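All remarks here apply to the structure that follows.
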Amino acid sequence: MLGRDAGAWMVWWAAWTALGLAGRPLAAWVWDRESGFPPALPRILGWASLGLIAWLAGTMGVRPLSPWLVTGLTLAALGLAAPFRPRDRPAWRGWGWGEVAFGGLLLAATWYRTWVPDLNTLEKFMDFGLLNACLRAPAYPPEDMWLSGHPVNYYYVGQHLAGFVVRLTRVRPDAGYLLMMATLAALAMEGMFGLVRTCLARNPDARRARVAAAAAAAVIGVGGNLHAPLAGVLRPGAARLTGQEAPGYWFPEATRYIGWRADPAQETIHEFPAYSFAVGDLHAHVLALPLALAQLIVLFGFLRAPGPRRRLRMTLTFGALLGVQSMTSTWDVPIYLAALLSILALEGMRGELAGWKRGLGRALLGAGLAVGVGTMVSLPFHRAFEPIGEGLRRSEQVSPPADLALIWGHGLILTALAAAALWRRRPSGATPVPGSAHDAAEAPADAWRTDLAVLILGIGAAGLVLVPELAYLRDIYLPAAARANTMFKLGYQAFVWWVVVGGWLVAGPSGPRWVRPAAWTVLACQLVYAPFLLVQSVTRLAPTPGRQGLDGLRFLDRDEPGAREAVAIVGARTRPGETVLEAAGDSYTQKNRISAITGVPCPAGWYVHQWLWRGGHEPVASRAAAVREIYTTDDDEAREAWLDAFRVRFIVVGRREWERYDAVREDRLAAGARPVVDTPWLRLYERRPPGEDDGSPR
C-alpha cells in the first residue's frame, strides 16, 4: 500500500505505540485505571510530557532534539511504564485492538498524504522551516530561519513536539512532516472517539455508544459544515432541474465564504479540522488539536465524581496541558480556561442551584491552580517572547445571518436538539438541576452533569461564533480581513465542540423521539463534504497525477533541478552562526526555500510573516534591502561587508533569485567563492569562512 515508504511508516507507528505506553503512568495518575483509559489519552499525554521535558532541557542550554536525549527520555519512560501495562488478557486484547485501530487510521491518512506530498504550497515553507529550525537548534529558543541572529518569535513548540517524533524515528524531516500531518488526523479521530465514549460512559447500549463515537470521529476527520450539501449538492441539483448550467463546487469555499462576496475588508476564515488535514499545513492550531481533545477528556473526567486527590491531579494535568497549549496555540488558552471554569462550577454545585456560590468558588480555585501550573510550565517561553497581538477592538462588520446559518447552522441545530433532549428530562415545573432526585433512577448525578456539560459545550460554541461579530483581536491584517483570524481560531474550536455534541446526541439522552434522527441527519449532512474534500484535494491540488510517496521535496526536482543537492550541502556543511544567502521573498511564495528546507538561517525571509512576528516591518525591510544590494550592486567592497556582517557561508543563485531581482551580478558574487552546485537552474557558491586559507571541501 505504501511501497518503499512502508518501513518509515512502521517505525513511525511503533514510535507512537511506544509513546502511548510511556503515557500510561500519567494517564493512570489522572484517570481511574480500573475503568480503562479513554482512547488517545495515554498517547497524547506521553507525547506532550516527553516533548515538554525535552523542551525544558532546551531552554536550559541542552540540545533539545538530540538523538540521545530523545531516545533516552523515551526508553526511561517505557521503563517507568512497565508496572502500568495491561494486567490481564482482556486488557491486553483491548489495548491491542486500540493500537490496531490507531494504526489503521494512521495508515489511511498516510496513504492519502502520499498523493499530495509537496511541501511548497500555502504556508508549508513556514511550518517546515520552524520544524527544521527546532531540529538544528543547539538550545531554545531556536534561531529564526528567516531573520538570522534573532530567535524565533512565534509559537514554535508545536513544531518542537513534531520534531521530537521525527528525531525519535530518524526519518527524513520532509517525510516526518507528512507523517506528522497524518498522525494529527489519526489522533484527532482517536481522541474524538475516546471523548464521545467518555460522555456516553453511562449509556447501557455499548454498541450504540461506539457507533456514535465512530460517527463523531468521522466528522472530525473528513466532515465539514452545511456549505457542501447546500452549495455543492442542492444548488447544482436545482440548476439542472430548471435546465440551467450547474455551478461547480470547490471544497475550500466552505472555509472562505462569510464576507468573500462583498467588501474585501469583510473577508473571514472559518476553517475546520478536515480542511486542515487535507491542505497539509503543519500550523499551530492543528498541532494543538490533540492537546485540546485531551483537555476535554480531562474536563469530563471531573464529572465522574472523582475524589479530592484525583480531582487535584486532573487540575494539575489540565494546567500543564494549558501551559503547553499557550506555547503552541495561545488562542486556545482563554477558550479552554473558560471551559474549565464552567465544568468545575457545574461539578461543584453537586446538584443544587443553591450551591452556586460553592461551585463558583471551587471553579475559581481550580482555574487559578491550573493557570499557575501552566504559567510555571511555559515561563521560559514567554520570557523570551514578544507578544504580537495589539489588543481587542470592536467589530465594525457584521456577518449576514444567512451566511452564519450556512456556515454554523449545523452547530446551532445540534445545540437546539441538545436543549430539547434535556428539557424533556427536567423536573416538572422546575429548572434542570444537576443530580436532581427526579431522575436518579435513570440518570445518576454524574451522568446528568455530563449531559449538562455537553449542552454547555454547545452553548459555548455558539458563544465562540458570536464573539467575532462583536470584537476581534487586532493584528497586522488591517484594514483587510480585520476579524478573520479571530473568527478562524474561535470557530475552529467551536466546530470541535459541536462534533462532541453531535456524537453525544445520537446515542445519549432519552429525549423526544425525533431528536436522534435529527442529529443523525445533521452529521450525515456534515459528511457530505468528505467526497469533495478527498477527491478534489488529490485531483486538483496535486501537481502531478498518481501517488508520489513520502517525498515532500519532489517539487525541487520538478521546479528547480539542482536545488535538492544544494539543500543537502547547505544542511550538512553550515556551522552554527553561519547563514545562507537567498532572495528575500514575499510571503506565500516559493522564495526562501533553502532556509525553510534546511533550517539554516538566511538574512531575510518571508516579509509579511516577519512583520507579524516582529510587530513591525522595519527589521525585515532593512535586511531585504541589504540582500537586494548584495545581489545587484557593482560595489564589491559594500557587498563583502554585508556578506561578512551576515556571516554568509553559502550564496544561492537560482530561479527564485532571478525572478526577484532584475540584474543579479553573479560574476561579482562568484568572485570570492567557489561553486559547489552548478546546473542551468541553480548554482550554489560556498564562501571561505574567516580563518580558512583554502577552499577545500569541509
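All residue names refer to the C-alpha cells as shown: chains lettered A, B, ... in order, residues numbered from 1 in each chain, ligands numbered from 1 in order.
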Contacts of A:Arg540 at 12 Å (only C-alpha atoms; same-chain gap of 6+ positions) as JSON, numbers by chain: {"A": [115, 116, 250, 251, 252, 278, 279, 532, 533, 534, 546]}
Selection export as a CSV table (one decimal), in the first residue's frame, atoms kept: C-alpha atoms:
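Okay, this is what ended up in part_3.csv:
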```csv
chain,number,residue,atom,x,y,z
A,115,TRP,CA,-0.9,11.6,-3.2
A,116,VAL,CA,-0.2,15.3,-2.2
A,250,TRP,CA,-14.6,23.7,-4.8
A,251,PHE,CA,-14.0,22.4,-1.3
A,252,PRO,CA,-12.1,25.3,0.1
A,278,ALA,CA,-6.4,18.0,3.6
A,279,VAL,CA,-4.3,21.1,2.8
A,532,PHE,CA,-15.5,16.8,-2.3
A,533,LEU,CA,-12.6,17.0,0.1
A,534,LEU,CA,-10.9,13.7,-0.6
A,546,GLY,CA,-0.8,9.4,-9.1
```
Can you list every residue in stretch 606-652 of chain A that DSSP puts in helix (DSSP H, G or I), as a ChimeraX atom specification? /A:607-614,618-632,636-645
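With distances restricted to only C-alpha atoms, A:Trp613 is the closest residue to A:Trp146 from A:Trp613, A:Trp498, A:Tyr472, A:Trp331.
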Which residues come within 7 Å of stretch 450-457 of chain A, counting only C-alpha atoms, excluding same-chain residues fewer than 4 positions away, as a PyMOL selection string? chain A and resi 199+300+303+343+415+418-419+446+461+497+501
Which is closer to A:Phe84 than all the others in A:Trp29, A:Trp47, A:Leu122, A:Gln159, using only C-alpha atoms? A:Trp29
